[in-house]
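J.: The structure is given below, and queries will be raised subsequently.
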Amino acid sequence: MNLYRFGQRLRLTLVSRHRHGHGLHSPFAYHLVTDVIEEGYPYYAYREVEDIRASLSRRVRRQCLPWKQSRMLFRLSLYLQPDNILEVGQGDGVTAQYLQRGCLKASFIYMDQVREQAIRSAMGDYPCALAVFYPSLTADELARSAVVAADRLERRGAMVVLGIHDSRDKHQVWQQLAGNPRVSLAIEAFGCGWLFYREDIPSQAYFLRW
């Protein structure tokens, strides 16, 4: 058992007061939580991708993200409609299918290993409005890649960091990312964090029971 993860789950259970939009004073945050993160509509794409997942071996399926997180990424892609999506870390392929179905026009920049210069160059040529960081990244890899991506993320862009409670070091990296002055909205839930870079809303942070 990962005791740090267990402790963080307990902490968030105690401090997370925001669910179904309760206590969210920002209209943008309220819409984001209720209509994107927590939205429960049974999109047809879910069945399509779950059929793909079911065709994989049991070993591969165990390595996939939980369906809850994958479906959330579909809804976020659908909401943002990004021209380009950055994926950093070892993705499972199934999650990319969710992201693609959320925005059919999107092109992908996939970095299974952290190469800061490659991320810097790719995002310079192909501006991204959505960046996803997978749990396979170490704390050091997450820090190095996310800082580069944050500096080059499009205005009104978003970043999703998965596995933020896997270790104390990774959670500290998340806290540093959330404290960046460019971040206008930071939302932390167990195992997942969202950062939004917008100039039209005041800086705010929430703990979400999700």
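Every chain in the structure tokens takes a letter, A first, then B, and so on in the order presented; its residues are numbered from 1, and the ligands are numbered from 1 following the presented order.
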Give the strand (DSSP E or B) residues of region 10-172 of chain A, as assigned by DSSP on the backbone, as a list in words.

T.: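 Matching residues, listed in order: His18, Asn84, Ile85, Leu86, Glu87, Val88, Ser107, Phe108, Ile109, Tyr110, Met111, Leu130, Ala131, Val132, Phe133, Gly157, Ala158, Met159, Val160, Val161 and Leu162 of chain A.
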
J.: Find the residues near Ala106 (chain A): any atom within 6 Å, counting only C-alpha atoms, skip ones fewer than 5 places away on the same chain, and give them as a ChimeraX atom specification.

T.: /A:82-84

J.: Mind dumping a table of every region 22-83 of chain A residue within 12 Å of region 120-129 of chain A, with the nearest atom pair and its distance in Å to one decimal, using only C-alpha atoms, sorted by chain and rising number, as a Markdown table?

T.:
```
| residue | atom | partner | partner_atom | distance |
| --- | --- | --- | --- | --- |
| A:Leu76 | CA | A:Ala129 | CA | 10.9 |
| A:Ser77 | CA | A:Ala129 | CA | 9.5 |
| A:Tyr79 | CA | A:Ala129 | CA | 11.2 |
| A:Leu80 | CA | A:Ala129 | CA | 7.5 |
| A:Gln81 | CA | A:Ala129 | CA | 8.3 |
| A:Pro82 | CA | A:Ala129 | CA | 5.3 |
| A:Asp83 | CA | A:Cys128 | CA | 6.8 |
```

J.: Write the residues you've just listed into a file as a PDB file, in the first residue's frame, and include N, CA and C atoms for each of them.

T.:
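The resulting file, again_22.pdb, is shown below:
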```pdb
ATOM      1  N   LEU A  76     -12.832  17.288 -21.696  1.00  0.00           N
ATOM      2  CA  LEU A  76     -12.016  18.495 -21.707  1.00  0.00           C
ATOM      3  C   LEU A  76     -11.565  18.820 -23.131  1.00  0.00           C
ATOM      4  N   SER A  77     -11.196  17.807 -23.880  1.00  0.00           N
ATOM      5  CA  SER A  77     -10.836  18.005 -25.281  1.00  0.00           C
ATOM      6  C   SER A  77     -12.025  18.538 -26.071  1.00  0.00           C
ATOM      7  N   TYR A  79     -14.466  20.298 -24.889  1.00  0.00           N
ATOM      8  CA  TYR A  79     -14.732  21.661 -24.441  1.00  0.00           C
ATOM      9  C   TYR A  79     -13.732  22.658 -25.015  1.00  0.00           C
ATOM     10  N   LEU A  80     -12.441  22.314 -24.980  1.00  0.00           N
ATOM     11  CA  LEU A  80     -11.405  23.248 -25.414  1.00  0.00           C
ATOM     12  C   LEU A  80     -11.250  23.308 -26.927  1.00  0.00           C
ATOM     13  N   GLN A  81     -11.511  22.185 -27.607  1.00  0.00           N
ATOM     14  CA  GLN A  81     -11.310  22.098 -29.061  1.00  0.00           C
ATOM     15  C   GLN A  81      -9.921  22.598 -29.465  1.00  0.00           C
ATOM     16  N   PRO A  82      -8.880  21.993 -28.905  1.00  0.00           N
ATOM     17  CA  PRO A  82      -7.514  22.458 -29.197  1.00  0.00           C
ATOM     18  C   PRO A  82      -7.050  22.013 -30.581  1.00  0.00           C
ATOM     19  N   ASP A  83      -6.286  22.857 -31.235  1.00  0.00           N
ATOM     20  CA  ASP A  83      -5.690  22.467 -32.515  1.00  0.00           C
ATOM     21  C   ASP A  83      -4.595  21.432 -32.302  1.00  0.00           C
TER      22      ASP A  83
END
```

J.: Check which residues of region 52-71 of chain A sit at most 12 Å from region 177-192 of chain A using only C-alpha atoms, and return one row each with the closest pair of atoms and their distance in Å to one decimal, ordered by chain and rising number, as CSV.

T.:
```
residue,atom,partner,partner_atom,distance
A:Leu65,CA,A:Gly191,CA,11.1
A:Pro66,CA,A:Gly191,CA,10.8
A:Lys68,CA,A:Cys192,CA,10.9
A:Gln69,CA,A:Cys192,CA,8.3
A:Ser70,CA,A:Cys192,CA,11.4
```

J.: If I take CA of Gly163 (chain A) and CA of Arg5 (chain A), how far is one from the other in Å, to one decimal?

T.: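 These atoms are spaced 9.6 Å apart.
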
J.: Give the helix (DSSP H, G or I) residues of region 129-203 of chain A, as assigned by DSSP on the backbone, as a VMD selection string.

T.: chain A and resid 139 to 152 168 to 178

J.: Generate the output file for the selected residues, N, CA and C atoms, as a PDB file, in the first residue's frame.

T.:
```pdb
ATOM      1  N   ALA A 139       8.912  12.719 -10.449  1.00  0.00           N
ATOM      2  CA  ALA A 139       8.749  14.105 -10.007  1.00  0.00           C
ATOM      3  C   ALA A 139       9.690  15.029 -10.772  1.00  0.00           C
ATOM      4  N   ASP A 140      10.918  14.589 -10.977  1.00  0.00           N
ATOM      5  CA  ASP A 140      11.878  15.415 -11.703  1.00  0.00           C
ATOM      6  C   ASP A 140      11.460  15.597 -13.159  1.00  0.00           C
ATOM      7  N   GLU A 141      11.018  14.522 -13.793  1.00  0.00           N
ATOM      8  CA  GLU A 141      10.582  14.612 -15.189  1.00  0.00           C
ATOM      9  C   GLU A 141       9.360  15.514 -15.317  1.00  0.00           C
ATOM     10  N   LEU A 142       8.437  15.389 -14.374  1.00  0.00           N
ATOM     11  CA  LEU A 142       7.250  16.233 -14.391  1.00  0.00           C
ATOM     12  C   LEU A 142       7.634  17.703 -14.244  1.00  0.00           C
ATOM     13  N   ALA A 143       8.525  17.993 -13.310  1.00  0.00           N
ATOM     14  CA  ALA A 143       8.926  19.380 -13.087  1.00  0.00           C
ATOM     15  C   ALA A 143       9.582  19.962 -14.332  1.00  0.00           C
ATOM     16  N   ARG A 144      10.494  19.223 -14.942  1.00  0.00           N
ATOM     17  CA  ARG A 144      11.234  19.746 -16.087  1.00  0.00           C
ATOM     18  C   ARG A 144      10.332  19.944 -17.308  1.00  0.00           C
ATOM     19  N   SER A 145       9.459  18.984 -17.552  1.00  0.00           N
ATOM     20  CA  SER A 145       8.612  19.077 -18.753  1.00  0.00           C
ATOM     21  C   SER A 145       7.470  20.062 -18.584  1.00  0.00           C
ATOM     22  N   ALA A 146       6.842  20.077 -17.407  1.00  0.00           N
ATOM     23  CA  ALA A 146       5.672  20.930 -17.207  1.00  0.00           C
ATOM     24  C   ALA A 146       6.047  22.405 -17.185  1.00  0.00           C
ATOM     25  N   VAL A 147       7.215  22.731 -16.645  1.00  0.00           N
ATOM     26  CA  VAL A 147       7.646  24.138 -16.618  1.00  0.00           C
ATOM     27  C   VAL A 147       7.853  24.652 -18.038  1.00  0.00           C
ATOM     28  N   VAL A 148       8.474  23.839 -18.879  1.00  0.00           N
ATOM     29  CA  VAL A 148       8.676  24.230 -20.275  1.00  0.00           C
ATOM     30  C   VAL A 148       7.331  24.393 -20.978  1.00  0.00           C
ATOM     31  N   ALA A 149       6.430  23.436 -20.775  1.00  0.00           N
ATOM     32  CA  ALA A 149       5.126  23.488 -21.442  1.00  0.00           C
ATOM     33  C   ALA A 149       4.306  24.679 -20.970  1.00  0.00           C
ATOM     34  N   ALA A 150       4.354  24.965 -19.670  1.00  0.00           N
ATOM     35  CA  ALA A 150       3.552  26.066 -19.131  1.00  0.00           C
ATOM     36  C   ALA A 150       3.961  27.394 -19.741  1.00  0.00           C
ATOM     37  N   ASP A 151       5.239  27.567 -19.989  1.00  0.00           N
ATOM     38  CA  ASP A 151       5.725  28.826 -20.565  1.00  0.00           C
ATOM     39  C   ASP A 151       5.266  29.018 -22.003  1.00  0.00           C
ATOM     40  N   ARG A 152       4.895  27.910 -22.662  1.00  0.00           N
ATOM     41  CA  ARG A 152       4.552  27.989 -24.077  1.00  0.00           C
ATOM     42  C   ARG A 152       3.104  27.606 -24.377  1.00  0.00           C
ATOM     43  N   ARG A 168       5.252  12.172  -2.358  1.00  0.00           N
ATOM     44  CA  ARG A 168       5.352  13.517  -1.789  1.00  0.00           C
ATOM     45  C   ARG A 168       6.039  14.472  -2.768  1.00  0.00           C
ATOM     46  N   ASP A 169       7.077  13.972  -3.455  1.00  0.00           N
ATOM     47  CA  ASP A 169       7.814  14.821  -4.394  1.00  0.00           C
ATOM     48  C   ASP A 169       6.927  15.269  -5.551  1.00  0.00           C
ATOM     49  N   LYS A 170       6.104  14.368  -6.070  1.00  0.00           N
ATOM     50  CA  LYS A 170       5.237  14.742  -7.186  1.00  0.00           C
ATOM     51  C   LYS A 170       4.177  15.741  -6.743  1.00  0.00           C
ATOM     52  N   HIS A 171       3.693  15.581  -5.520  1.00  0.00           N
ATOM     53  CA  HIS A 171       2.703  16.530  -5.026  1.00  0.00           C
ATOM     54  C   HIS A 171       3.322  17.907  -4.828  1.00  0.00           C
ATOM     55  N   GLN A 172       4.574  17.938  -4.403  1.00  0.00           N
ATOM     56  CA  GLN A 172       5.258  19.219  -4.260  1.00  0.00           C
ATOM     57  C   GLN A 172       5.443  19.891  -5.619  1.00  0.00           C
ATOM     58  N   VAL A 173       5.729  19.098  -6.649  1.00  0.00           N
ATOM     59  CA  VAL A 173       5.833  19.661  -7.999  1.00  0.00           C
ATOM     60  C   VAL A 173       4.488  20.238  -8.421  1.00  0.00           C
ATOM     61  N   TRP A 174       3.419  19.503  -8.133  1.00  0.00           N
ATOM     62  CA  TRP A 174       2.080  20.011  -8.459  1.00  0.00           C
ATOM     63  C   TRP A 174       1.819  21.343  -7.773  1.00  0.00           C
ATOM     64  N   GLN A 175       2.160  21.440  -6.504  1.00  0.00           N
ATOM     65  CA  GLN A 175       1.935  22.678  -5.774  1.00  0.00           C
ATOM     66  C   GLN A 175       2.733  23.833  -6.380  1.00  0.00           C
ATOM     67  N   GLN A 176       3.939  23.547  -6.832  1.00  0.00           N
ATOM     68  CA  GLN A 176       4.744  24.583  -7.479  1.00  0.00           C
ATOM     69  C   GLN A 176       4.113  25.021  -8.797  1.00  0.00           C
ATOM     70  N   LEU A 177       3.617  24.064  -9.564  1.00  0.00           N
ATOM     71  CA  LEU A 177       2.965  24.398 -10.828  1.00  0.00           C
ATOM     72  C   LEU A 177       1.712  25.231 -10.581  1.00  0.00           C
ATOM     73  N   ALA A 178       0.927  24.842  -9.572  1.00  0.00           N
ATOM     74  CA  ALA A 178      -0.306  25.560  -9.260  1.00  0.00           C
ATOM     75  C   ALA A 178      -0.033  26.972  -8.765  1.00  0.00           C
TER      76      ALA A 178
END
```

J.: Restricting the calculation to only C-alpha atoms, which member of A:Leu10, A:Val33, A:Leu56, A:Val88 is positioned closest to Trp210 (chain A)?

T.: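 Ranked by minimum distance to Trp210 (chain A), first place goes to A:Val33.
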
J.: Which residue gives the smallest distance to Thr95 (chain A) among A:Ala131, A:Leu195, A:Met72, A:Ile119, with only C-alpha atoms counted?

T.: A:Met72
